[in-house]
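The structure appears below as structure tokens.
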Amino acid sequence: MPESIRIGDYVRSPSASGLDATGYAKISEFELSDFLTRWDRLHDDALQVMPERIHPTARIHPSAITAKT
């Protein structure tokens with residue numbers, strides 16, 4: 001049987017920004033396959049809590065924009 005991959009070995013659970021009130025608050029406790037199985041529900045719940053998906057101060061770098069020819 002393959003070794004268990006714990007997400008907490010690679011990432012920390014959020015402690016601010018509203019995500020700490022969602023299932024993502026315990027992300028570091030998940031085993032990878034369990035997290036992937038639950039991801040759709042976790043993500044949907046997080047989107048209900050987050051007022052914005054893109055930070056209001058986000059900007060597109062000028063070199064990222066290409067002109068159509």
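So you can find residues: chains in the structure tokens are A, B, ... in the order shown, residues in each start at 1, and ligands are numbered from 1 in order.
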(request) Please provide the set of residues having any atom within 9 Å of range 44-52 of chain A, restricted to only C-alpha atoms, with same-chain residues fewer than 6 positions apart removed, written as a PyMOL selection string. (result) chain A and resi 17-19+21-24
Give the alpha helix (DSSP H) residues of chain A, as DSSP finds them on the backbone, and put them as a PDB file with N, CA, C and O atoms, in the first residue's frame.
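And here's out_37.pdb as it stands now:
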```pdb
ATOM      1  N   LEU A  32      -3.983  13.626   1.084  1.00  0.00           N
ATOM      2  CA  LEU A  32      -4.173  14.167  -0.253  1.00  0.00           C
ATOM      3  C   LEU A  32      -5.404  13.598  -0.964  1.00  0.00           C
ATOM      4  O   LEU A  32      -6.218  14.350  -1.505  1.00  0.00           O
ATOM      5  N   SER A  33      -5.570  12.298  -0.972  1.00  0.00           N
ATOM      6  CA  SER A  33      -6.715  11.725  -1.701  1.00  0.00           C
ATOM      7  C   SER A  33      -8.039  12.137  -1.072  1.00  0.00           C
ATOM      8  O   SER A  33      -9.020  12.366  -1.775  1.00  0.00           O
ATOM      9  N   ASP A  34      -8.080  12.286   0.257  1.00  0.00           N
ATOM     10  CA  ASP A  34      -9.299  12.738   0.929  1.00  0.00           C
ATOM     11  C   ASP A  34      -9.604  14.183   0.542  1.00  0.00           C
ATOM     12  O   ASP A  34     -10.747  14.543   0.259  1.00  0.00           O
ATOM     13  N   PHE A  35      -8.578  15.016   0.501  1.00  0.00           N
ATOM     14  CA  PHE A  35      -8.761  16.408   0.113  1.00  0.00           C
ATOM     15  C   PHE A  35      -9.284  16.507  -1.316  1.00  0.00           C
ATOM     16  O   PHE A  35     -10.225  17.244  -1.599  1.00  0.00           O
ATOM     17  N   LEU A  36      -8.672  15.738  -2.230  1.00  0.00           N
ATOM     18  CA  LEU A  36      -9.107  15.796  -3.625  1.00  0.00           C
ATOM     19  C   LEU A  36     -10.550  15.325  -3.782  1.00  0.00           C
ATOM     20  O   LEU A  36     -11.294  15.863  -4.605  1.00  0.00           O
ATOM     21  N   THR A  37     -10.944  14.351  -2.999  1.00  0.00           N
ATOM     22  CA  THR A  37     -12.317  13.864  -3.036  1.00  0.00           C
ATOM     23  C   THR A  37     -13.292  14.932  -2.570  1.00  0.00           C
ATOM     24  O   THR A  37     -14.389  15.074  -3.112  1.00  0.00           O
ATOM     25  N   ARG A  38     -12.891  15.710  -1.591  1.00  0.00           N
ATOM     26  CA  ARG A  38     -13.773  16.738  -1.007  1.00  0.00           C
ATOM     27  C   ARG A  38     -13.600  18.116  -1.622  1.00  0.00           C
ATOM     28  O   ARG A  38     -14.305  19.050  -1.251  1.00  0.00           O
ATOM     29  N   TRP A  39     -12.654  18.285  -2.551  1.00  0.00           N
ATOM     30  CA  TRP A  39     -12.277  19.612  -3.026  1.00  0.00           C
ATOM     31  C   TRP A  39     -13.457  20.410  -3.559  1.00  0.00           C
ATOM     32  O   TRP A  39     -13.597  21.593  -3.241  1.00  0.00           O
ATOM     33  N   ASP A  40     -14.312  19.828  -4.371  1.00  0.00           N
ATOM     34  CA  ASP A  40     -15.439  20.589  -4.924  1.00  0.00           C
ATOM     35  C   ASP A  40     -16.296  21.210  -3.832  1.00  0.00           C
ATOM     36  O   ASP A  40     -16.650  22.391  -3.889  1.00  0.00           O
ATOM     37  N   ARG A  41     -16.619  20.433  -2.810  1.00  0.00           N
ATOM     38  CA  ARG A  41     -17.453  20.955  -1.718  1.00  0.00           C
ATOM     39  C   ARG A  41     -16.690  22.003  -0.907  1.00  0.00           C
ATOM     40  O   ARG A  41     -17.249  23.048  -0.550  1.00  0.00           O
ATOM     41  N   LEU A  42     -15.417  21.747  -0.611  1.00  0.00           N
ATOM     42  CA  LEU A  42     -14.621  22.718   0.139  1.00  0.00           C
ATOM     43  C   LEU A  42     -14.522  24.041  -0.619  1.00  0.00           C
ATOM     44  O   LEU A  42     -14.672  25.120  -0.037  1.00  0.00           O
ATOM     45  N   HIS A  43     -14.276  23.949  -1.902  1.00  0.00           N
ATOM     46  CA  HIS A  43     -14.128  25.152  -2.717  1.00  0.00           C
ATOM     47  C   HIS A  43     -15.447  25.924  -2.812  1.00  0.00           C
ATOM     48  O   HIS A  43     -15.469  27.146  -2.678  1.00  0.00           O
ATOM     49  N   ASP A  44     -16.542  25.213  -3.029  1.00  0.00           N
ATOM     50  CA  ASP A  44     -17.853  25.872  -3.082  1.00  0.00           C
ATOM     51  C   ASP A  44     -18.160  26.591  -1.774  1.00  0.00           C
ATOM     52  O   ASP A  44     -18.646  27.723  -1.780  1.00  0.00           O
ATOM     53  N   ASP A  45     -17.871  25.943  -0.642  1.00  0.00           N
ATOM     54  CA  ASP A  45     -18.094  26.575   0.665  1.00  0.00           C
ATOM     55  C   ASP A  45     -17.228  27.821   0.825  1.00  0.00           C
ATOM     56  O   ASP A  45     -17.691  28.846   1.325  1.00  0.00           O
ATOM     57  N   ALA A  46     -15.977  27.741   0.397  1.00  0.00           N
ATOM     58  CA  ALA A  46     -15.066  28.879   0.527  1.00  0.00           C
ATOM     59  C   ALA A  46     -15.537  30.052  -0.329  1.00  0.00           C
ATOM     60  O   ALA A  46     -15.466  31.208   0.099  1.00  0.00           O
ATOM     61  N   LEU A  47     -16.037  29.772  -1.524  1.00  0.00           N
ATOM     62  CA  LEU A  47     -16.511  30.850  -2.392  1.00  0.00           C
ATOM     63  C   LEU A  47     -17.726  31.564  -1.808  1.00  0.00           C
ATOM     64  O   LEU A  47     -17.938  32.749  -2.081  1.00  0.00           O
ATOM     65  N   GLN A  48     -18.505  30.877  -0.994  1.00  0.00           N
ATOM     66  CA  GLN A  48     -19.658  31.506  -0.345  1.00  0.00           C
ATOM     67  C   GLN A  48     -19.214  32.500   0.728  1.00  0.00           C
ATOM     68  O   GLN A  48     -19.915  33.468   1.020  1.00  0.00           O
ATOM     69  N   VAL A  49     -18.048  32.257   1.316  1.00  0.00           N
ATOM     70  CA  VAL A  49     -17.537  33.098   2.403  1.00  0.00           C
ATOM     71  C   VAL A  49     -16.728  34.274   1.874  1.00  0.00           C
ATOM     72  O   VAL A  49     -16.764  35.359   2.436  1.00  0.00           O
TER      73      VAL A  49
END
```
(request) State, in Å with one decimal place, the distance from CA of Ala25 in chain A to CA of Ser13 in chain A. (result)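 It comes out at 5.2 Å.
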(message) Between CA of Ala58 in chain A and CA of Ala16 in chain A, what distance in Å does the model show, to one decimal?
(response) 18.8 Å
(message) Need to verify the contact set: Val11 in chain A, 12 Å, only C-alpha atoms, exclusion of same-chain residues closer than 5 positions in sequence. Can you return it as a list in words?
(response) Ile5, Arg6, Tyr24, Ala25, Lys26, Ile27, Ser28, Glu29, Phe30, Glu31 and Leu32 of chain A
Mind dumping the selected residues with all heavy atoms as a short mmCIF file (atom, residue, chain, number, x, y, z; two decimals), in the first residue's frame?
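As a result, out.cif now contains:
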```cif
data_model
loop_
_atom_site.label_atom_id
_atom_site.label_comp_id
_atom_site.auth_asym_id
_atom_site.auth_seq_id
_atom_site.Cartn_x
_atom_site.Cartn_y
_atom_site.Cartn_z
N ILE A 5 -0.01 10.63 1.91
CA ILE A 5 0.57 11.96 1.68
C ILE A 5 -0.30 12.95 2.45
O ILE A 5 -1.47 13.15 2.14
CB ILE A 5 0.60 12.32 0.19
CG1 ILE A 5 1.47 11.32 -0.56
CG2 ILE A 5 1.09 13.75 -0.01
CD1 ILE A 5 1.43 11.48 -2.07
N ARG A 6 0.26 13.55 3.48
CA ARG A 6 -0.44 14.53 4.30
C ARG A 6 -0.18 15.93 3.74
O ARG A 6 0.95 16.34 3.56
CB ARG A 6 0.01 14.49 5.76
CG ARG A 6 -0.05 13.13 6.43
CD ARG A 6 -1.41 12.61 6.67
NE ARG A 6 -2.17 13.44 7.57
CZ ARG A 6 -3.46 13.26 7.78
NH1 ARG A 6 -4.10 12.29 7.18
NH2 ARG A 6 -4.12 14.04 8.59
N TYR A 24 -11.39 24.71 4.62
CA TYR A 24 -9.97 24.90 4.39
C TYR A 24 -9.20 25.15 5.69
O TYR A 24 -7.99 25.02 5.72
CB TYR A 24 -9.72 26.07 3.43
CG TYR A 24 -9.98 25.74 1.98
CD1 TYR A 24 -10.93 26.43 1.26
CD2 TYR A 24 -9.29 24.72 1.34
CE1 TYR A 24 -11.18 26.14 -0.07
CE2 TYR A 24 -9.52 24.42 0.02
CZ TYR A 24 -10.46 25.13 -0.69
OH TYR A 24 -10.70 24.83 -2.01
N ALA A 25 -9.90 25.48 6.75
CA ALA A 25 -9.23 25.72 8.03
C ALA A 25 -8.50 24.48 8.53
O ALA A 25 -7.55 24.59 9.29
CB ALA A 25 -10.24 26.18 9.08
N LYS A 26 -8.93 23.32 8.08
CA LYS A 26 -8.30 22.08 8.52
C LYS A 26 -7.55 21.38 7.38
O LYS A 26 -7.29 20.20 7.44
CB LYS A 26 -9.35 21.15 9.10
CG LYS A 26 -9.98 21.71 10.35
CD LYS A 26 -10.91 20.74 10.99
CE LYS A 26 -11.47 21.38 12.26
NZ LYS A 26 -12.19 20.43 13.05
N ILE A 27 -7.19 22.16 6.35
CA ILE A 27 -6.55 21.56 5.18
C ILE A 27 -5.27 20.81 5.56
O ILE A 27 -4.96 19.77 4.97
CB ILE A 27 -6.27 22.61 4.09
CG1 ILE A 27 -5.90 21.92 2.79
CG2 ILE A 27 -5.20 23.58 4.51
CD1 ILE A 27 -5.79 22.86 1.61
N SER A 28 -4.54 21.31 6.52
CA SER A 28 -3.28 20.65 6.87
C SER A 28 -3.49 19.28 7.51
O SER A 28 -2.56 18.49 7.59
CB SER A 28 -2.46 21.54 7.81
OG SER A 28 -3.16 21.73 9.03
N GLU A 29 -4.72 18.98 7.91
CA GLU A 29 -5.01 17.67 8.50
C GLU A 29 -5.42 16.63 7.46
O GLU A 29 -5.49 15.45 7.76
CB GLU A 29 -6.14 17.81 9.53
CG GLU A 29 -5.78 18.74 10.68
CD GLU A 29 -6.96 19.02 11.59
OE1 GLU A 29 -7.96 18.27 11.53
OE2 GLU A 29 -6.87 19.99 12.35
N PHE A 30 -5.69 17.07 6.22
CA PHE A 30 -6.17 16.16 5.19
C PHE A 30 -5.06 15.29 4.62
O PHE A 30 -3.92 15.73 4.47
CB PHE A 30 -6.78 16.93 4.01
CG PHE A 30 -8.16 17.46 4.26
CD1 PHE A 30 -8.37 18.79 4.51
CD2 PHE A 30 -9.25 16.61 4.22
CE1 PHE A 30 -9.64 19.29 4.71
CE2 PHE A 30 -10.53 17.10 4.42
CZ PHE A 30 -10.73 18.44 4.67
N GLU A 31 -5.43 14.10 4.25
CA GLU A 31 -4.60 13.25 3.42
C GLU A 31 -4.94 13.66 2.00
O GLU A 31 -6.07 14.06 1.71
CB GLU A 31 -4.95 11.78 3.70
CG GLU A 31 -3.94 10.78 3.18
CD GLU A 31 -4.15 10.43 1.74
OE1 GLU A 31 -5.29 10.46 1.26
OE2 GLU A 31 -3.16 10.16 1.06
N LEU A 32 -3.98 13.63 1.08
CA LEU A 32 -4.17 14.17 -0.25
C LEU A 32 -5.40 13.60 -0.96
O LEU A 32 -6.22 14.35 -1.51
CB LEU A 32 -2.93 13.93 -1.11
CG LEU A 32 -3.01 14.46 -2.54
CD1 LEU A 32 -3.24 15.97 -2.56
CD2 LEU A 32 -1.75 14.10 -3.30
#
```
